[in-house]
Amino acid sequence: MPEVHVSHLSKQFGETAVLNDIDFTINDGEFFTLLGPSGCGKSTTLNCVAGLEQPTTGAITVADTPFVDTSRRLYVPTEERNLGMVFQSYALWPHMTVQQNLAMPLSIRRVPKQEKGMRIHDALEKVGLAHLKDRFPHELSGGQQQRVALARALVYSPTVLLLDEPLSNLDAKLREQARAWLKRLQVDLGITTVYVTHDQDEALSLSDRIAVMFDGHMAQIGTPTEVYERPATAQVAAFVGSCNFFTGRFEGALGTVAQVRLDCTGDVVTVTTDAPFSVGQEVTLAVRPERLRITPARSDAAGSNVLNTEVLTCSYVGSRYEYNLRLGRNVVQVVTQDSGLAGAVRLVFEPGDALLYPGAAVPSEEAQELMTV
Ligand SMILES: Nc1ncnc2c1ncn2[C@@H]1O[C@H](COP(=O)(O)OP(=O)(O)O)[C@@H](O)[C@H]1O
Ligand SMILES: [Mg+2]
């Protein structure tokens with residue numbers, strides 16, 4: 001049974017369209033993430049599900065209960081939706097203890113006193129904070145406050161958990177720990193979760209599926225592996241992980257192996273693709289830094305695509321080396337375990353290591369063009 005169903009969701013603020021025909025279905029128990037740059041409409045989408053925002057058009061159903069259907073003028077108010085929500089700011093009541101913060105949503109729902117105490121204890125146990133129930137928010141660390149906010153969202157057993165950038169106020173190290181902890185909790189509880197973030201690492205590591213959004217549109221919905229390995233567009237490839245982009249012309253194909261002449265060097269390379277292209281069409285080739293190999297210029301480079309290039313810079317970043325190579329006017333990023341490569345080298349990749357997109361819209365061309373020659 002699909003747990004959350006959002007169809008044809010649109011939202012206008014005055015003249016501005018912020019959401020355009022958004023569709024997605026979240027399965028029971030799934031961790032589903034809305035990922036996209038700031039301002040793309042993630043929070044607005046979540047707020048429409050929560051009932052904090054009224055969509056201009058569209059329908060939202062949770063566990064077979066219609067919450068919104070603009071065609072029937074149906075709108076269930078937020079307090080009747082039984083959804084748990086956590087915001088980036090935590091929004092704890094500062095003058096109330098942890099326990100009192102958790103009691104508030106239960107009082108609103110007229111939960112009997114004895115049950116209230118049990119529920120508060122259970123929720124605090126889940127987040128490992130039962131021993132801090134009498135503290136005030138200012139007596140807690142950022143990470144602890146975030147857990148209290150989560151406990152407060154869980155205390156009345158919501159059908160769905162809605163989380164809007166709940167970890168972004170934590171510093172980097174704490175954020176990583178909180179991420180692992182949150183994922184374990186979500187799996188243990190088996191609660192359907194809608195998570196909002198602009199952080200691609202967070203989305204990849206936490207989610208069962210990710211919806212990538214740009215400018216109020218859904219660009220792709222898929223598992224982390226699908227979104228990273230088979231990005232639907234060059235824009236998705238650029239936003240989720242690092243990627244090198246090269247413009248070129250489609251020259252023909254043998255089965256699913258396309259030949260592309262690169263603008264930057266004039267070389268012809270081969271790329272595996274299912275998409276149809278016409279001869280002479282402008283295309284963009286995308287390849288992840290870790291899918292490229294570097295071999296010394298003197299070696300017999302074995303591989304389908306071998307390009308002569310030269311090392312510009314090499315940085316040691318702990319677990320690996322990051323190289324910048326010159327390829328015509330482009331700078332190519334390569335991530336590898338190999339150290340000590342310098343001067344003239346060869347860049348090697350297989351047809352299946354690269355992706356091909358129609359058009360010559362390279363998402364971050366400025367960043368990749370060689371500024372100093
Ligand atoms: N109440 C509002 N009135 C007018 N514009 C809004 C309002 N809320 C959000 N917006 C605009 O809608 C767009 C999407 O906002 P939001 O959903 O908060 O993005 P995100 O969460 O992805 O950063 C932004 O351009 C934002 O400025
Ligand atoms: Mg937001």
# chains A, B, ... in the order shown; residues from 1 in each chain; ligands from 1
call {"tool": "residues_near_ligand", "arguments": {"ligand": "ligand 2", "cutoff": "8 Å", "atoms": "only C-alpha atoms and all ligand atoms", "output": "VMD selection string"}}
result
chain A and resid 38 to 39 41 to 44 164 to 165 196 to 197
call {"tool": "write_last_selection", "arguments": {"atoms": "N, CA and C atoms", "output": "PDB file, in the first residue's frame"}}
result
ATOM      1  N   SER A  38      19.313  25.161  -2.805  1.00  0.00           N
ATOM      2  CA  SER A  38      18.492  26.071  -2.029  1.00  0.00           C
ATOM      3  C   SER A  38      17.516  26.817  -2.952  1.00  0.00           C
ATOM      4  N   GLY A  39      16.266  26.879  -2.542  1.00  0.00           N
ATOM      5  CA  GLY A  39      15.265  27.624  -3.297  1.00  0.00           C
ATOM      6  C   GLY A  39      14.556  26.831  -4.382  1.00  0.00           C
ATOM      7  N   GLY A  41      12.389  24.441  -3.994  1.00  0.00           N
ATOM      8  CA  GLY A  41      11.000  24.096  -3.653  1.00  0.00           C
ATOM      9  C   GLY A  41      10.849  22.882  -2.749  1.00  0.00           C
ATOM     10  N   LYS A  42      11.928  22.439  -2.115  1.00  0.00           N
ATOM     11  CA  LYS A  42      11.880  21.254  -1.243  1.00  0.00           C
ATOM     12  C   LYS A  42      10.960  21.492  -0.035  1.00  0.00           C
ATOM     13  N   SER A  43      11.221  22.594   0.686  1.00  0.00           N
ATOM     14  CA  SER A  43      10.431  22.877   1.895  1.00  0.00           C
ATOM     15  C   SER A  43       8.974  23.127   1.538  1.00  0.00           C
ATOM     16  N   THR A  44       8.738  23.815   0.437  1.00  0.00           N
ATOM     17  CA  THR A  44       7.354  24.077   0.028  1.00  0.00           C
ATOM     18  C   THR A  44       6.627  22.759  -0.218  1.00  0.00           C
ATOM     19  N   ASP A 164      12.915  18.459   7.795  1.00  0.00           N
ATOM     20  CA  ASP A 164      13.405  19.513   6.903  1.00  0.00           C
ATOM     21  C   ASP A 164      14.804  19.950   7.344  1.00  0.00           C
ATOM     22  N   GLU A 165      15.824  19.450   6.677  1.00  0.00           N
ATOM     23  CA  GLU A 165      17.229  19.766   6.961  1.00  0.00           C
ATOM     24  C   GLU A 165      17.532  19.670   8.466  1.00  0.00           C
ATOM     25  N   VAL A 196      14.236  16.314   3.779  1.00  0.00           N
ATOM     26  CA  VAL A 196      14.629  17.396   2.873  1.00  0.00           C
ATOM     27  C   VAL A 196      16.076  17.772   3.143  1.00  0.00           C
ATOM     28  N   THR A 197      16.891  17.844   2.087  1.00  0.00           N
ATOM     29  CA  THR A 197      18.271  18.299   2.250  1.00  0.00           C
ATOM     30  C   THR A 197      18.815  18.861   0.935  1.00  0.00           C
TER      31      THR A 197
END
call {"tool": "residues_near_ligand", "arguments": {"ligand": "ligand 1", "cutoff": "10 Å", "atoms": "only C-alpha atoms and all ligand atoms", "output": "PyMOL selection string"}}
result
chain A and resi 11-19+34-48+53+164-165+196-198+213-216
call {"tool": "residues_around", "arguments": {"residues": "Leu150 in chain A", "least_positions_apart": "2", "cutoff": "8 Å", "atoms": "only C-alpha atoms", "output": "PDB file with C-alpha atoms, in the first residue's frame"}}
result
ATOM      1  CA  MET A  85       7.709  17.236  11.763  1.00  0.00           C
ATOM      2  CA  VAL A  86      11.265  18.358  12.580  1.00  0.00           C
ATOM      3  CA  VAL A 127      16.651   8.952  21.056  1.00  0.00           C
ATOM      4  CA  GLN A 146      18.036  17.940  17.585  1.00  0.00           C
ATOM      5  CA  ARG A 147      17.232  14.587  19.260  1.00  0.00           C
ATOM      6  CA  VAL A 148      14.648  16.227  21.496  1.00  0.00           C
ATOM      7  CA  ARG A 152       8.810  15.391  20.168  1.00  0.00           C
ATOM      8  CA  ALA A 153       7.869  14.475  16.590  1.00  0.00           C
ATOM      9  CA  LEU A 154       7.749  10.756  17.452  1.00  0.00           C
TER      10      LEU A 154
END
call {"tool": "atom_distance", "arguments": {"atom1": "CA of Ala123 in chain A", "atom2": "CA of Ser168 in chain A"}}
result
22.3 Å
call {"tool": "residues_around", "arguments": {"residues": "range 59-66 of chain A", "least_positions_apart": "5", "cutoff": "9 Å", "atoms": "only C-alpha atoms", "output": "list in words"}}
result
Met1, Pro2, Glu3, Val4, His5, Val6, Ser7, His8, Leu9, Asp28, Cys48, Val49, Ser71, Leu74, Tyr75, Val76, Arg81, Thr159 and Val160 of chain A
call {"tool": "write_last_selection", "arguments": {"atoms": "N, CA and C atoms", "output": "tab-separated table (two decimals), in the first residue's frame"}}
result
chain	number	residue	atom	x	y	z
A	1	MET	N	0.85	-1.21	0.00
A	1	MET	CA	0.00	0.00	0.00
A	1	MET	C	0.88	1.25	0.00
A	2	PRO	N	0.72	2.09	-1.00
A	2	PRO	CA	1.54	3.31	-1.00
A	2	PRO	C	1.17	4.20	0.19
A	3	GLU	N	2.17	4.71	0.87
A	3	GLU	CA	1.92	5.45	2.10
A	3	GLU	C	1.66	6.93	1.83
A	4	VAL	N	2.47	7.51	0.95
A	4	VAL	CA	2.29	8.93	0.61
A	4	VAL	C	2.20	9.05	-0.90
A	5	HIS	N	1.15	9.72	-1.34
A	5	HIS	CA	0.95	9.86	-2.78
A	5	HIS	C	0.72	11.34	-3.10
A	6	VAL	N	1.62	11.91	-3.87
A	6	VAL	CA	1.52	13.32	-4.25
A	6	VAL	C	1.35	13.40	-5.76
A	7	SER	N	0.28	14.05	-6.21
A	7	SER	CA	0.09	14.12	-7.67
A	7	SER	C	-0.27	15.52	-8.15
A	8	HIS	N	0.36	15.88	-9.24
A	8	HIS	CA	0.13	17.17	-9.93
A	8	HIS	C	0.17	18.35	-8.97
A	9	LEU	N	1.14	18.33	-8.08
A	9	LEU	CA	1.25	19.39	-7.07
A	9	LEU	C	1.89	20.64	-7.69
A	28	ASP	N	5.44	2.41	1.95
A	28	ASP	CA	5.36	2.20	3.38
A	28	ASP	C	6.76	1.89	3.95
A	48	CYS	N	3.50	21.37	2.06
A	48	CYS	CA	2.20	21.01	1.48
A	48	CYS	C	1.74	19.67	2.03
A	49	VAL	N	2.68	18.74	2.22
A	49	VAL	CA	2.33	17.43	2.82
A	49	VAL	C	1.93	17.64	4.28
A	71	SER	N	-9.15	19.79	-6.62
A	71	SER	CA	-10.29	19.67	-7.54
A	71	SER	C	-11.60	19.46	-6.78
A	74	LEU	N	-10.84	19.99	-1.13
A	74	LEU	CA	-10.63	19.25	0.12
A	74	LEU	C	-9.32	19.69	0.74
A	75	TYR	N	-9.35	20.02	2.04
A	75	TYR	CA	-8.13	20.41	2.73
A	75	TYR	C	-8.22	20.03	4.19
A	76	VAL	N	-7.44	19.03	4.60
A	76	VAL	CA	-7.42	18.60	6.00
A	76	VAL	C	-6.41	19.46	6.75
A	81	ARG	N	-3.67	15.75	10.64
A	81	ARG	CA	-2.94	14.86	9.73
A	81	ARG	C	-2.07	13.84	10.46
A	159	THR	N	2.03	8.87	11.59
A	159	THR	CA	2.05	7.91	10.47
A	159	THR	C	3.29	8.12	9.62
A	160	VAL	N	3.69	9.39	9.47
A	160	VAL	CA	4.82	9.72	8.61
A	160	VAL	C	5.68	10.76	9.32
call {"tool": "select_by_dssp", "arguments": {"residues": "range 83-169 of chain A", "states": "helix (DSSP H, G or I)", "output": "NGL selection string"}}
result
:A and (98-108 or 113-126 or 130-132 or 137-139 or 142-154)
call {"tool": "residues_around", "arguments": {"residues": "Pro94 in chain A", "least_positions_apart": "5", "cutoff": "9 Å", "atoms": "only C-alpha atoms", "output": "MDAnalysis selection string"}}
result
chainID A and resid 101 136:138
call {"tool": "write_last_selection", "arguments": {"atoms": "N, CA and C atoms", "output": "CSV table (one decimal), in the first residue's frame"}}
result
chain,number,residue,atom,x,y,z
A,101,ASN,N,8.4,19.8,26.8
A,101,ASN,CA,8.4,20.0,25.3
A,101,ASN,C,7.6,18.8,24.7
A,136,PHE,N,16.5,22.1,30.4
A,136,PHE,CA,16.0,23.1,29.5
A,136,PHE,C,16.8,23.0,28.2
A,137,PRO,N,16.2,23.4,27.1
A,137,PRO,CA,16.9,23.4,25.8
A,137,PRO,C,18.3,24.0,25.8
A,138,HIS,N,18.4,25.2,26.5
A,138,HIS,CA,19.7,25.8,26.6
A,138,HIS,C,20.8,25.0,27.3
call {"tool": "closest_residue", "arguments": {"among": "A:Val236, A:Leu356, A:Ala203, A:Leu92", "to": "Glu176 in chain A", "atoms": "only C-alpha atoms"}}
result
A:Ala203
call {"tool": "select_by_dssp", "arguments": {"residues": "range 292-326 of chain A", "states": "strand (DSSP E)", "output": "PyMOL selection string"}}
result
chain A and resi 293-296+305-316+321-326
call {"tool": "closest_residue", "arguments": {"among": "A:Phe349, A:Phe250, A:Phe32, A:Tyr195", "to": "Leu307 in chain A", "atoms": "only C-alpha atoms"}}
result
A:Phe349
call {"tool": "residues_around", "arguments": {"residues": "Arg73 in chain A", "least_positions_apart": "3", "cutoff": "12 Å", "atoms": "only C-alpha atoms", "output": "VMD selection string"}}
result
chain A and resid 54 to 59 66 to 70 76
call {"tool": "write_last_selection", "arguments": {"atoms": "N, CA and C atoms", "output": "mmCIF file, in the first residue's frame"}}
result
data_model
loop_
_atom_site.group_PDB
_atom_site.id
_atom_site.type_symbol
_atom_site.label_atom_id
_atom_site.label_comp_id
_atom_site.auth_asym_id
_atom_site.auth_seq_id
_atom_site.Cartn_x
_atom_site.Cartn_y
_atom_site.Cartn_z
ATOM 1 N N GLN A 54 -0.766 25.591 1.562
ATOM 2 C CA GLN A 54 -1.862 25.081 0.751
ATOM 3 C C GLN A 54 -1.446 25.098 -0.717
ATOM 4 N N PRO A 55 -1.447 23.943 -1.410
ATOM 5 C CA PRO A 55 -1.028 23.966 -2.810
ATOM 6 C C PRO A 55 -2.045 24.692 -3.692
ATOM 7 N N THR A 56 -1.570 25.227 -4.799
ATOM 8 C CA THR A 56 -2.457 25.896 -5.744
ATOM 9 C C THR A 56 -3.302 24.857 -6.479
ATOM 10 N N THR A 57 -2.655 23.773 -6.920
ATOM 11 C CA THR A 57 -3.393 22.636 -7.483
ATOM 12 C C THR A 57 -2.721 21.352 -7.009
ATOM 13 N N GLY A 58 -3.465 20.245 -7.087
ATOM 14 C CA GLY A 58 -2.871 18.945 -6.796
ATOM 15 C C GLY A 58 -3.609 18.187 -5.712
ATOM 16 N N ALA A 59 -3.142 16.951 -5.501
ATOM 17 C CA ALA A 59 -3.751 16.079 -4.506
ATOM 18 C C ALA A 59 -2.673 15.377 -3.698
ATOM 19 N N PRO A 66 -7.263 11.011 1.985
ATOM 20 C CA PRO A 66 -6.983 12.242 1.235
ATOM 21 C C PRO A 66 -6.787 13.417 2.188
ATOM 22 N N PHE A 67 -5.646 14.118 2.041
ATOM 23 C CA PHE A 67 -5.364 15.307 2.854
ATOM 24 C C PHE A 67 -5.683 16.581 2.073
ATOM 25 N N VAL A 68 -5.385 16.523 0.797
ATOM 26 C CA VAL A 68 -5.617 17.674 -0.074
ATOM 27 C C VAL A 68 -6.115 17.152 -1.407
ATOM 28 N N ASP A 69 -7.129 17.815 -1.950
ATOM 29 C CA ASP A 69 -7.498 17.583 -3.345
ATOM 30 C C ASP A 69 -8.132 18.877 -3.827
ATOM 31 N N THR A 70 -7.350 19.662 -4.546
ATOM 32 C CA THR A 70 -7.839 20.998 -4.920
ATOM 33 C C THR A 70 -9.045 20.898 -5.856
ATOM 34 N N VAL A 76 -7.438 19.033 4.601
ATOM 35 C CA VAL A 76 -7.422 18.595 5.997
ATOM 36 C C VAL A 76 -6.409 19.457 6.748
#
call {"tool": "residues_around", "arguments": {"residues": "Arg175 in chain A", "least_positions_apart": "6", "cutoff": "12 Å", "atoms": "only C-alpha atoms", "output": "PyMOL selection string"}}
result
chain A and resi 142-144+146+165-169+181-182+199+201-202
call {"tool": "closest_residue", "arguments": {"among": "A:Ala354, A:Ala178, A:Ala253, A:Leu262", "to": "Ala237 in chain A", "atoms": "only C-alpha atoms"}}
result
A:Ala354
call {"tool": "atom_distance", "arguments": {"atom1": "CA of Glu30 in chain A", "atom2": "CA of Gly222 in chain A"}}
result
12.4 Å
call {"tool": "atom_distance", "arguments": {"atom1": "CA of Thr33 in chain A", "atom2": "CA of Ser207 in chain A"}}
result
6.1 Å
call {"tool": "closest_residue", "arguments": {"among": "A:Pro158, A:Val362, A:Phe239, A:Leu347", "to": "Ile191 in chain A", "atoms": "only C-alpha atoms"}}
result
A:Pro158
